[in-house]
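Read through the structure below, which is laid out as structure tokens, and then see the notes.
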Amino acid sequence: MTELNVVDHMNALGAQAKTASAQMAKASAAVKNKALRALAALLRANIDALQIDNAKDLARATAAGLDAPMVDRLKLTPKVLETCAQGCEQLAAMPEVIGEITGLKEQPSGIRVGQMRVPLGVFGMIFESRPNVTIEAASLSIKSGNACILRGGSEAIESNKALAKLVQQALIESGLPTDAVQLVQTTDREAVGHLIAMPQFVDVIIPRGGKGLIERISREAKVPVIKHLDGNCHTYVDDPCDIAMAVTVADNAKTQKYSPCNASESLLVARGVAAEFLPKIGAIYAAKGVEMRCCPEAKAMLANVPGAQLKDATEQDWFEEYLGPIISVKVVTGLDEAIAHINHYSSHHTESILTRDHMHAQRFLREVDSSSVMVNASTRFADGFEYGLGAEIGISTDKFHARGPVGIEGLTSLKYVVLGQGEIRV
């Protein structure tokens, strides 16, 4: 597309989304749930065809020299597609929130004042790598009564187009407007610049990808942005703790999958349990090829672990999101130092404490300033599907509007409603 054509294309998508959003806002719960169930069925019926399109993206990504974690994010395996289908069904089974009135209270004047949950309108979703985001965004948009414009990365264009066709087929089958979910068909980067600068059509932008993308969107957008920049997540092993449980959870938090933003990138260990805990987790990390970037105390305790890949941690390592088989390791005096370290170096995404001390757990929950804070659980649970949200549009580390996994309610807002019987103000 030429520059002019990109502008025309984006303006057309915006105008169509705005029109569709009005129809979506008044769509019944039954119709929206029908679309979600239809989409789940279509995903299951088209697994083979989707993998053919996905293979084109994977081949192009490999030929282009994309690193292994990036290629991994592109894969539409049967398991990934089944998770997407289950997410659609989970959303369909969830209660309707649009139009719900809460907090209705009668005032001295006689009027009753409450709040009604309503869709945001139109959101623009800009994402990289993971094509399954197309389904997560579309399904949440449908359930929440919004319209959306999706712009995926060029590395997943064939997969995204194939998935978007299924979404539109589900919309048609259920009688909803096909323009309720639109995919930007061009890989021209200028399209992003226009999408984030159309306040006449778009109510909010949600970027999901690398730090560079999100920084650019945050800097240049002319509409509100829901975002997170990094996933520097921490697991803190407290004194006292169940050592066996701590080893299992710390292993899962790091190695269950390296590429997601909720994988632990930093391991903090209380000095009182470090001598027992570190060699055990170190042996597991060594066997799985995880490089450990350590403070001097941790490095000394791991020195005799066979095959351990040990390096001295730099100051930057405490801030780093590796998205690969690397973890920073630090011995801390205890809970106070762990909380201080996390609040200083964390990206405020997800942190977990592994402990047997109830008061320590409560302090960690209250004092750690992150969007998800956990007790005795893997950081890998920080996910909309795992939280029972059906799916997520992304993770927000902002403090306004939405924080943590953004599900249905994160794509809505509240407006005041007033019910009267002829009252007048005196």
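Labels for the structure tokens follow display order: chains A, B, ..., residues from 1 in each chain, ligands from 1.
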Using only C-alpha atoms, determine which residues lie at most 6 Å from stretch 328-341 of chain A, disregarding the query and same-chain residues fewer than 4 positions distant; provide the list as a compact mmCIF listing (two decimals) with C-alpha atoms, in the first residue's frame.
```
# COMPACT_ATOMS: atom_id res chain seq x y z
CA SER A 266 15.05 -13.38 39.28
CA LEU A 267 15.35 -15.72 42.26
CA LEU A 268 15.76 -14.24 45.75
CA VAL A 269 16.63 -16.58 48.60
CA ALA A 270 16.60 -15.81 52.32
CA ARG A 271 20.00 -16.41 53.91
CA MET A 292 22.65 -18.46 36.76
CA ARG A 293 23.88 -14.90 37.21
CA CYS A 294 24.66 -14.68 40.88
CA CYS A 295 25.59 -12.38 43.71
CA ALA A 298 24.88 -17.28 45.91
```
Mind listing the alpha helix (DSSP H) residues of stretch 246-387 of chain A, per DSSP on the backbone, as an mmCIF file with N, CA and C atoms, in the first residue's frame?
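states29.cif, freshly written:
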```cif
data_model
loop_
_atom_site.group_PDB
_atom_site.id
_atom_site.type_symbol
_atom_site.label_atom_id
_atom_site.label_comp_id
_atom_site.auth_asym_id
_atom_site.auth_seq_id
_atom_site.Cartn_x
_atom_site.Cartn_y
_atom_site.Cartn_z
ATOM 1 N N ALA A 246 9.402 -25.346 47.539
ATOM 2 C CA ALA A 246 10.076 -24.177 46.968
ATOM 3 C C ALA A 246 10.888 -24.555 45.735
ATOM 4 N N VAL A 247 11.551 -25.699 45.793
ATOM 5 C CA VAL A 247 12.331 -26.171 44.639
ATOM 6 C C VAL A 247 11.403 -26.439 43.456
ATOM 7 N N THR A 248 10.290 -27.098 43.713
ATOM 8 C CA THR A 248 9.337 -27.424 42.644
ATOM 9 C C THR A 248 8.775 -26.159 41.997
ATOM 10 N N VAL A 249 8.373 -25.207 42.829
ATOM 11 C CA VAL A 249 7.751 -23.989 42.312
ATOM 12 C C VAL A 249 8.773 -23.103 41.595
ATOM 13 N N ALA A 250 9.969 -22.962 42.191
ATOM 14 C CA ALA A 250 11.004 -22.133 41.559
ATOM 15 C C ALA A 250 11.443 -22.714 40.221
ATOM 16 N N ASP A 251 11.444 -24.029 40.127
ATOM 17 C CA ASP A 251 11.754 -24.693 38.861
ATOM 18 C C ASP A 251 10.678 -24.384 37.828
ATOM 19 N N ASN A 252 9.420 -24.578 38.191
ATOM 20 C CA ASN A 252 8.315 -24.336 37.272
ATOM 21 C C ASN A 252 8.252 -22.879 36.829
ATOM 22 N N ALA A 253 8.453 -21.965 37.787
ATOM 23 C CA ALA A 253 8.342 -20.538 37.482
ATOM 24 C C ALA A 253 9.349 -20.102 36.428
ATOM 25 N N LYS A 254 10.498 -20.774 36.399
ATOM 26 C CA LYS A 254 11.524 -20.420 35.429
ATOM 27 C C LYS A 254 11.481 -21.281 34.174
ATOM 28 N N THR A 255 11.347 -22.589 34.311
ATOM 29 C CA THR A 255 11.631 -23.477 33.186
ATOM 30 C C THR A 255 10.410 -24.081 32.499
ATOM 31 N N ARG A 271 18.717 -15.838 53.470
ATOM 32 C CA ARG A 271 20.002 -16.409 53.909
ATOM 33 C C ARG A 271 19.808 -17.646 54.786
ATOM 34 N N GLY A 272 18.756 -17.660 55.598
ATOM 35 C CA GLY A 272 18.545 -18.774 56.516
ATOM 36 C C GLY A 272 18.285 -20.109 55.846
ATOM 37 N N VAL A 273 17.821 -20.096 54.588
ATOM 38 C CA VAL A 273 17.538 -21.360 53.892
ATOM 39 C C VAL A 273 18.408 -21.531 52.647
ATOM 40 N N ALA A 274 19.246 -20.553 52.355
ATOM 41 C CA ALA A 274 20.002 -20.551 51.095
ATOM 42 C C ALA A 274 20.934 -21.751 50.964
ATOM 43 N N ALA A 275 21.643 -22.105 52.049
ATOM 44 C CA ALA A 275 22.622 -23.191 51.962
ATOM 45 C C ALA A 275 21.963 -24.526 51.622
ATOM 46 N N GLU A 276 20.730 -24.718 52.082
ATOM 47 C CA GLU A 276 20.008 -25.948 51.773
ATOM 48 C C GLU A 276 19.302 -25.866 50.420
ATOM 49 N N PHE A 277 18.709 -24.717 50.145
ATOM 50 C CA PHE A 277 17.882 -24.583 48.946
ATOM 51 C C PHE A 277 18.686 -24.439 47.651
ATOM 52 N N LEU A 278 19.681 -23.573 47.653
ATOM 53 C CA LEU A 278 20.366 -23.234 46.399
ATOM 54 C C LEU A 278 21.010 -24.427 45.689
ATOM 55 N N PRO A 279 21.719 -25.327 46.386
ATOM 56 C CA PRO A 279 22.279 -26.468 45.661
ATOM 57 C C PRO A 279 21.210 -27.346 45.008
ATOM 58 N N LYS A 280 20.036 -27.447 45.628
ATOM 59 C CA LYS A 280 18.959 -28.273 45.076
ATOM 60 C C LYS A 280 18.397 -27.652 43.793
ATOM 61 N N ILE A 281 18.059 -26.362 43.860
ATOM 62 C CA ILE A 281 17.519 -25.718 42.651
ATOM 63 C C ILE A 281 18.621 -25.558 41.612
ATOM 64 N N GLY A 282 19.852 -25.337 42.080
ATOM 65 C CA GLY A 282 20.976 -25.192 41.165
ATOM 66 C C GLY A 282 21.198 -26.437 40.332
ATOM 67 N N ALA A 283 21.033 -27.603 40.946
ATOM 68 C CA ALA A 283 21.204 -28.857 40.214
ATOM 69 C C ALA A 283 20.155 -29.010 39.120
ATOM 70 N N ILE A 284 18.924 -28.589 39.413
ATOM 71 C CA ILE A 284 17.851 -28.663 38.410
ATOM 72 C C ILE A 284 18.115 -27.691 37.268
ATOM 73 N N TYR A 285 18.475 -26.453 37.618
ATOM 74 C CA TYR A 285 18.774 -25.469 36.569
ATOM 75 C C TYR A 285 19.962 -25.926 35.720
ATOM 76 N N ALA A 286 20.969 -26.489 36.371
ATOM 77 C CA ALA A 286 22.144 -26.966 35.633
ATOM 78 C C ALA A 286 21.759 -28.061 34.648
ATOM 79 N N ALA A 287 20.917 -28.980 35.091
ATOM 80 C CA ALA A 287 20.500 -30.080 34.227
ATOM 81 C C ALA A 287 19.686 -29.591 33.034
ATOM 82 N N PRO A 296 27.776 -12.676 44.875
ATOM 83 C CA PRO A 296 28.911 -13.478 45.354
ATOM 84 C C PRO A 296 28.516 -14.590 46.311
ATOM 85 N N GLU A 297 27.573 -14.304 47.210
ATOM 86 C CA GLU A 297 27.162 -15.306 48.201
ATOM 87 C C GLU A 297 26.461 -16.486 47.534
ATOM 88 N N ALA A 298 25.576 -16.199 46.611
ATOM 89 C CA ALA A 298 24.881 -17.278 45.908
ATOM 90 C C ALA A 298 25.850 -18.086 45.055
ATOM 91 N N LYS A 299 26.779 -17.401 44.411
ATOM 92 C CA LYS A 299 27.745 -18.094 43.544
ATOM 93 C C LYS A 299 28.589 -19.076 44.348
ATOM 94 N N ALA A 300 28.969 -18.679 45.551
ATOM 95 C CA ALA A 300 29.775 -19.561 46.405
ATOM 96 C C ALA A 300 28.991 -20.805 46.803
ATOM 97 N N MET A 301 27.694 -20.645 47.077
ATOM 98 C CA MET A 301 26.871 -21.785 47.474
ATOM 99 C C MET A 301 26.564 -22.723 46.308
ATOM 100 N N LEU A 302 26.689 -22.214 45.078
ATOM 101 C CA LEU A 302 26.397 -23.016 43.898
ATOM 102 C C LEU A 302 27.652 -23.567 43.232
ATOM 103 N N LEU A 335 12.877 -11.061 54.547
ATOM 104 C CA LEU A 335 11.696 -10.489 53.907
ATOM 105 C C LEU A 335 11.868 -9.011 53.582
ATOM 106 N N ASP A 336 12.380 -8.216 54.520
ATOM 107 C CA ASP A 336 12.502 -6.775 54.276
ATOM 108 C C ASP A 336 13.376 -6.481 53.063
ATOM 109 N N GLU A 337 14.523 -7.144 52.968
ATOM 110 C CA GLU A 337 15.406 -6.900 51.831
ATOM 111 C C GLU A 337 14.780 -7.412 50.543
ATOM 112 N N ALA A 338 14.065 -8.525 50.609
ATOM 113 C CA ALA A 338 13.414 -9.063 49.409
ATOM 114 C C ALA A 338 12.380 -8.080 48.863
ATOM 115 N N ILE A 339 11.547 -7.551 49.747
ATOM 116 C CA ILE A 339 10.515 -6.592 49.321
ATOM 117 C C ILE A 339 11.163 -5.342 48.740
ATOM 118 N N ALA A 340 12.194 -4.836 49.411
ATOM 119 C CA ALA A 340 12.870 -3.636 48.924
ATOM 120 C C ALA A 340 13.512 -3.877 47.552
ATOM 121 N N HIS A 341 14.147 -5.034 47.402
ATOM 122 C CA HIS A 341 14.788 -5.376 46.129
ATOM 123 C C HIS A 341 13.743 -5.456 45.013
ATOM 124 N N ILE A 342 12.656 -6.151 45.270
ATOM 125 C CA ILE A 342 11.613 -6.311 44.256
ATOM 126 C C ILE A 342 11.022 -4.965 43.857
ATOM 127 N N ASN A 343 10.675 -4.145 44.829
ATOM 128 C CA ASN A 343 10.049 -2.863 44.500
ATOM 129 C C ASN A 343 11.001 -1.932 43.756
ATOM 130 N N HIS A 344 12.305 -2.139 43.919
ATOM 131 C CA HIS A 344 13.283 -1.303 43.207
ATOM 132 C C HIS A 344 13.543 -1.810 41.794
ATOM 133 N N TYR A 345 13.742 -3.116 41.634
ATOM 134 C CA TYR A 345 14.184 -3.664 40.354
ATOM 135 C C TYR A 345 13.056 -4.249 39.491
ATOM 136 N N HIS A 358 2.723 -17.144 57.875
ATOM 137 C CA HIS A 358 1.517 -16.437 57.443
ATOM 138 C C HIS A 358 1.716 -14.922 57.476
ATOM 139 N N MET A 359 2.346 -14.410 58.489
ATOM 140 C CA MET A 359 2.548 -12.961 58.595
ATOM 141 C C MET A 359 3.476 -12.458 57.488
ATOM 142 N N HIS A 360 4.510 -13.243 57.157
ATOM 143 C CA HIS A 360 5.384 -12.868 56.036
ATOM 144 C C HIS A 360 4.588 -12.825 54.734
ATOM 145 N N ALA A 361 3.726 -13.806 54.560
ATOM 146 C CA ALA A 361 2.904 -13.855 53.347
ATOM 147 C C ALA A 361 2.013 -12.631 53.246
ATOM 148 N N GLN A 362 1.393 -12.266 54.367
ATOM 149 C CA GLN A 362 0.496 -11.107 54.361
ATOM 150 C C GLN A 362 1.255 -9.809 54.082
ATOM 151 N N ARG A 363 2.439 -9.673 54.672
ATOM 152 C CA ARG A 363 3.249 -8.476 54.399
ATOM 153 C C ARG A 363 3.653 -8.410 52.938
ATOM 154 N N PHE A 364 4.033 -9.545 52.375
ATOM 155 C CA PHE A 364 4.444 -9.593 50.970
ATOM 156 C C PHE A 364 3.281 -9.156 50.072
ATOM 157 N N LEU A 365 2.084 -9.672 50.352
ATOM 158 C CA LEU A 365 0.907 -9.307 49.563
ATOM 159 C C LEU A 365 0.617 -7.811 49.642
ATOM 160 N N ARG A 366 0.755 -7.238 50.852
ATOM 161 C CA ARG A 366 0.428 -5.822 51.038
ATOM 162 C C ARG A 366 1.497 -4.890 50.482
ATOM 163 N N GLU A 367 2.762 -5.248 50.659
ATOM 164 C CA GLU A 367 3.844 -4.290 50.429
ATOM 165 C C GLU A 367 4.512 -4.380 49.065
#
```
Open item on the list: Give me the residues near stretch 118-123 of chain A as JSON, numbers by chain, where near means some atom within 10 Å (using only C-alpha atoms) and where sequence neighbours in that chain fewer than 5 positions away do not count.
Closed with: {"A": [14, 17, 18, 19, 20, 21, 22, 24, 25, 26, 97, 98, 99, 100, 101, 137, 141, 143, 144, 145, 146, 147, 148, 149, 150, 180, 181, 195, 196, 199, 201, 202, 203, 204, 205, 206, 223, 224, 225, 408, 409, 410, 411, 412, 413, 414, 415]}
Task: For A:Arg117, the nearest of the candidates A:Asp67, A:Val368, A:Tyr416, A:Asp8, counting only C-alpha atoms - done: A:Tyr416
Task: Residues near A:Ile214, cut-off 12 Å, only C-alpha atoms, skip fewer than 2 positions along chain, as a count of residues only - done: 27
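If only C-alpha atoms are the atoms counted, then among A:Glu351, A:Arg130, A:Thr314, A:Ser154 the closest residue to A:Pro260 is A:Arg130.
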- [ ] Identify all residues of stretch 7-117 of chain A in strand (DSSP E) (DSSP on the backbone) and supply them as JSON, numbers by chain.
- [x] {"A": [101, 102, 103, 104, 105, 106, 112, 113, 114, 115, 116, 117]}
TODO: Have a look at A:Leu39, A:Ala377, A:Leu323, A:Leu176 and name the one nearest to A:Leu354; count only C-alpha atoms.
DONE: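 Once distances to A:Leu354 are computed over only C-alpha atoms, the minimum belongs to A:Ala377.
Among the candidates A:Asp357, A:Glu386, A:Asp53, A:Glu392, the one nearest to A:Asp239 when counting only C-alpha atoms is A:Asp357.
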Task: Closest of A:Gly407, A:Gly124, A:Gly324, A:Pro108 to A:Ala197 - atom-to-atom distances counting only C-alpha atoms - done: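 Under the stated criterion, the closest residue is A:Gly124.
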Task: Contacts of A:Val7 at 12 Å (only C-alpha atoms; same-chain gap of 4+ positions) as a ChimeraX atom specification - done: /A:1-3,11-14,184,186,188-195,197-198
